[in-house]
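This report concerns only the one structure given below.
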Amino acid sequence: MKKTDKGTELKIIESYNLGNSMKAIGLDFGVSPVTVKNILDRNGIQKRTSGGIYKLPDEEIINKYKSGLSCNQIASEYKVTFHTISKILEKHNIKRDNIYHNLELIEDYWENIDSFDKAYFLGFLLTDGNITGNQVKLELSAKDEQILHTFNYYTKSENKIINLDRGDKGKFCAFSVKRKKWTEDLSNYGIKSNKTFTTEMPVLSDDLMPHLIRGMIDGDGWITYKGHQIGFCGSEKCVTQLRDYLVRTLRVYSVKIIHQGTNVWQVCWCNKKDIKTIGDFIYNEKQDCFLERKYNNFLKLIHDNTEVTTETKESVAP
């Protein structure tokens with residue numbers, strides 16, 4: 001039998017706790033499976049059964065899962081794999097559907113849109129959100145990550161914000177929640193699967209409309225300093241409704257709606273007075289629900305002495 005030093009023994013133990021078999025470990029370290037077994041016995045390491053899993057306390061694991069721990073957290077605690085814990089939950093008909101996680105999440109957050117934060121994030125989800133089944137997802141450019149942390153704060157969500165690298169498309173961040181109640185309530189405002197072609201602008205109370213529109217512009221709109229524009233793009237109906245609302249409420253110029261591409265229309269204002277009127281309207285009492293980069297562009301625009309009065313210019317992506 002090949003003699004092993006203490007450092008090697010610790011590495012063998014670590015490898016075994018990560019889920020590797022005695023045979024695989026023996027091959028990695030140049031020793032026999034019997035040697036691996038002896039090392040585990042000598043160090044008091046509980047061994048897995050021939051089926052590949054420990055004899056674990058099922059009830060204890062189920063209680064830990066229901067208390068809010070994830071499969072990965074429990075697996076780490078018992079030194080087994082994610083799939084081991086998953087199989088135990090499945091054996092006892094415990095669904096891994098997020099119901100035991102995110103325990104502080106406000107379940108009825110979307111039931112009644114009665115605050116500035118709900119109106120803002122409703123507008124954001126209406127334009128930039130995605131619903132698949134019972135999952136609500138919002139994916140943004142990584143530079144706008146802070147707004148997802150704000151979303152977590154108001155909804156009391158404990159779900160992590162995931163960072164994504166899309167290669168040539170750039171870096172993004174994403175937030176998701178799996179809740180049937182959320183998707184049911186959001187559907188009342190037109191936010192549902194395949195909403196791209198049917199989206200309409202919800203009508204809220206007058207005090208909440210600025211927040212809703214700010215969310216819509218932050219989601220699928222733009223405020224550009226170099227282009228001297230404030231604009232929005234989306235379905236023809238939604239774009240028309242937004243334009244007509246601002247014209248009717250703020251008396252800004254009724255600019256033309258442009259067919260930008262397949263199922264995409266846009267509207268934008270280039271007149272400095274109109275930009276200021278719209279900006280003042282949507283940013284009044286914004287509190288912490290806004291994209292900083294777009295707000296900063298608005299501030300630069302209204303303090304710029306250049307006057308641009310052309311009705312439309314080259315379109316700008318959100």
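How things are named: the first chain in the structure tokens is A, the next is B, and so on; residues count from 1 in each chain; ligands count from 1 in the order shown.
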
Residue contacts of A:Ile223 (8 Å, only C-alpha atoms) excluding same-chain residues fewer than 5 positions away, as a PyMOL selection string: chain A and resi 228-231+294-295+297-298+318

Selection to disk with N, CA and C atoms, as a PDB file, in the first residue's frame:
```pdb
ATOM      1  N   HIS A 228     -30.211  65.011 -28.090  1.00  0.00           N
ATOM      2  CA  HIS A 228     -31.253  65.946 -27.665  1.00  0.00           C
ATOM      3  C   HIS A 228     -32.653  65.346 -27.868  1.00  0.00           C
ATOM      4  N   GLN A 229     -32.886  64.233 -27.203  1.00  0.00           N
ATOM      5  CA  GLN A 229     -34.168  63.556 -27.354  1.00  0.00           C
ATOM      6  C   GLN A 229     -34.646  62.970 -26.028  1.00  0.00           C
ATOM      7  N   ILE A 230     -35.947  62.863 -25.925  1.00  0.00           N
ATOM      8  CA  ILE A 230     -36.569  61.997 -24.941  1.00  0.00           C
ATOM      9  C   ILE A 230     -37.602  61.201 -25.721  1.00  0.00           C
ATOM     10  N   GLY A 231     -37.542  59.886 -25.622  1.00  0.00           N
ATOM     11  CA  GLY A 231     -38.420  59.092 -26.466  1.00  0.00           C
ATOM     12  C   GLY A 231     -38.753  57.748 -25.871  1.00  0.00           C
ATOM     13  N   LYS A 294     -30.040  58.014 -17.105  1.00  0.00           N
ATOM     14  CA  LYS A 294     -31.023  58.728 -17.914  1.00  0.00           C
ATOM     15  C   LYS A 294     -31.396  60.052 -17.252  1.00  0.00           C
ATOM     16  N   TYR A 295     -31.483  60.025 -15.940  1.00  0.00           N
ATOM     17  CA  TYR A 295     -31.788  61.267 -15.223  1.00  0.00           C
ATOM     18  C   TYR A 295     -30.659  62.280 -15.410  1.00  0.00           C
ATOM     19  N   ASN A 297     -28.681  62.527 -17.958  1.00  0.00           N
ATOM     20  CA  ASN A 297     -28.797  63.049 -19.318  1.00  0.00           C
ATOM     21  C   ASN A 297     -29.858  64.139 -19.393  1.00  0.00           C
ATOM     22  N   PHE A 298     -30.954  63.937 -18.673  1.00  0.00           N
ATOM     23  CA  PHE A 298     -32.014  64.953 -18.644  1.00  0.00           C
ATOM     24  C   PHE A 298     -31.491  66.260 -18.039  1.00  0.00           C
ATOM     25  N   PRO A 318     -32.827  52.371 -26.418  1.00  0.00           N
ATOM     26  CA  PRO A 318     -33.012  52.682 -24.992  1.00  0.00           C
ATOM     27  C   PRO A 318     -31.719  52.579 -24.222  1.00  0.00           C
TER      28      PRO A 318
END
```

Close residues, A:Val255 itself excluded, 8 Å, only C-alpha atoms, min 5 positions apart in chain, as an NGL selection string: :A and (243 or 267-269 or 311)

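The shell of residues at most 7 Å from stretch 142-148 of chain A, with only C-alpha atoms counted and near chain neighbours (fewer than 6 positions) removed, consists of Lys171, Phe172, Cys173, Phe175 and Leu291 of chain A.
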
Using only all heavy atoms, please write the residues we just selected to a file, as a PDB file, in the first residue's frame.
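Here's the written file selection.pdb:
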```pdb
ATOM      1  N   LYS A 171     -22.402  43.065 -20.955  1.00  0.00           N
ATOM      2  CA  LYS A 171     -22.693  42.450 -19.661  1.00  0.00           C
ATOM      3  C   LYS A 171     -24.061  42.899 -19.157  1.00  0.00           C
ATOM      4  O   LYS A 171     -24.429  44.053 -19.295  1.00  0.00           O
ATOM      5  CB  LYS A 171     -21.604  42.807 -18.653  1.00  0.00           C
ATOM      6  CG  LYS A 171     -20.241  42.223 -19.022  1.00  0.00           C
ATOM      7  CD  LYS A 171     -19.195  42.521 -17.980  1.00  0.00           C
ATOM      8  CE  LYS A 171     -17.862  41.866 -18.347  1.00  0.00           C
ATOM      9  NZ  LYS A 171     -16.811  42.145 -17.346  1.00  0.00           N
ATOM     10  N   PHE A 172     -24.776  41.948 -18.569  1.00  0.00           N
ATOM     11  CA  PHE A 172     -26.126  42.203 -18.103  1.00  0.00           C
ATOM     12  C   PHE A 172     -26.305  41.692 -16.678  1.00  0.00           C
ATOM     13  O   PHE A 172     -25.459  40.957 -16.148  1.00  0.00           O
ATOM     14  CB  PHE A 172     -27.143  41.525 -19.032  1.00  0.00           C
ATOM     15  CG  PHE A 172     -27.184  42.081 -20.413  1.00  0.00           C
ATOM     16  CD1 PHE A 172     -26.251  41.697 -21.366  1.00  0.00           C
ATOM     17  CD2 PHE A 172     -28.153  43.011 -20.764  1.00  0.00           C
ATOM     18  CE1 PHE A 172     -26.271  42.220 -22.649  1.00  0.00           C
ATOM     19  CE2 PHE A 172     -28.195  43.546 -22.050  1.00  0.00           C
ATOM     20  CZ  PHE A 172     -27.252  43.145 -22.985  1.00  0.00           C
ATOM     21  N   CYS A 173     -27.397  42.080 -16.068  1.00  0.00           N
ATOM     22  CA  CYS A 173     -27.757  41.566 -14.755  1.00  0.00           C
ATOM     23  C   CYS A 173     -29.238  41.194 -14.805  1.00  0.00           C
ATOM     24  O   CYS A 173     -30.013  41.801 -15.548  1.00  0.00           O
ATOM     25  CB  CYS A 173     -27.477  42.584 -13.646  1.00  0.00           C
ATOM     26  SG  CYS A 173     -28.246  44.197 -13.913  1.00  0.00           S
ATOM     27  N   PHE A 175     -32.833  39.589 -12.606  1.00  0.00           N
ATOM     28  CA  PHE A 175     -33.565  39.330 -11.367  1.00  0.00           C
ATOM     29  C   PHE A 175     -34.802  38.529 -11.738  1.00  0.00           C
ATOM     30  O   PHE A 175     -35.454  38.797 -12.751  1.00  0.00           O
ATOM     31  CB  PHE A 175     -33.967  40.668 -10.734  1.00  0.00           C
ATOM     32  CG  PHE A 175     -35.062  40.560  -9.695  1.00  0.00           C
ATOM     33  CD1 PHE A 175     -34.746  40.381  -8.361  1.00  0.00           C
ATOM     34  CD2 PHE A 175     -36.393  40.644 -10.057  1.00  0.00           C
ATOM     35  CE1 PHE A 175     -35.743  40.291  -7.412  1.00  0.00           C
ATOM     36  CE2 PHE A 175     -37.404  40.559  -9.116  1.00  0.00           C
ATOM     37  CZ  PHE A 175     -37.068  40.380  -7.778  1.00  0.00           C
ATOM     38  N   LEU A 291     -33.490  55.407 -13.198  1.00  0.00           N
ATOM     39  CA  LEU A 291     -32.160  55.079 -13.690  1.00  0.00           C
ATOM     40  C   LEU A 291     -31.320  56.346 -13.690  1.00  0.00           C
ATOM     41  O   LEU A 291     -31.644  57.321 -14.373  1.00  0.00           O
ATOM     42  CB  LEU A 291     -32.224  54.500 -15.108  1.00  0.00           C
ATOM     43  CG  LEU A 291     -32.844  53.106 -15.267  1.00  0.00           C
ATOM     44  CD1 LEU A 291     -32.667  52.620 -16.699  1.00  0.00           C
ATOM     45  CD2 LEU A 291     -32.234  52.117 -14.293  1.00  0.00           C
TER      46      LEU A 291
END
```

A:Leu10 surroundings by only C-alpha atoms, 10 Å radius, close-in-sequence under 6 positions cut, as an MDAnalysis selection string: chainID A and resid 16 39:40 43

Sel. of helix (DSSP H, G or I) residues, stretch 76-135 of chain A, as a ChimeraX atom specification: /A:76-78,82-91,116-128

Polymer residues at most 7 Å from stretch 180-186 of chain A, only C-alpha atoms, same-chain spacing of 5 or more positions, as a ChimeraX atom specification: /A:107-108,110-111,134,136,191

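Within stretch 205-289 of chain A, the backbone-based DSSP assignment of strand (DSSP E or B) covers Gly221, Trp222, Ile223, Thr224, Gln229, Ile230, Gly231, Phe232, Cys233, Gly234, Ile258, His259, Gln260, Gly261, Val264, Trp265, Gln266, Val267, Cys268 and Trp269 of chain A.
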
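Candidate residues A:Lys192, A:Glu14, A:Met22, A:Val264 were compared for distance to A:Thr132, and the nearest is A:Lys192, using only C-alpha atoms.
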
Nearest residue to A:Asn263 from the set A:Thr199, A:Tyr283, A:Ser15, A:His303 (distances using only C-alpha atoms):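 Comparing A:Thr199, A:Tyr283, A:Ser15, A:His303 against A:Asn263, the winner is A:Thr199.
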
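Proximity to A:Tyr225 was assessed for A:Asn102, A:Thr127, A:Ser70, A:Asn296 counting only C-alpha atoms; the smallest distance is recorded for A:Asn296.
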
Neighbour list for A:Lys79 as a ChimeraX atom specification, cut-off 7 Å, only C-alpha atoms, skip fewer than 4 positions in-chain: /A:17-18,75

Nearest-residue call for A:Gly279, choices A:Glu60, A:Val203, A:Ile257, A:Leu299, using only C-alpha atoms: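 Looking at the shortest contact to A:Gly279, the residue is A:Leu299.
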
Length of the atom CA of A:Ser21 to atom CA of A:Val36 vector [Å]: 9.5 Å
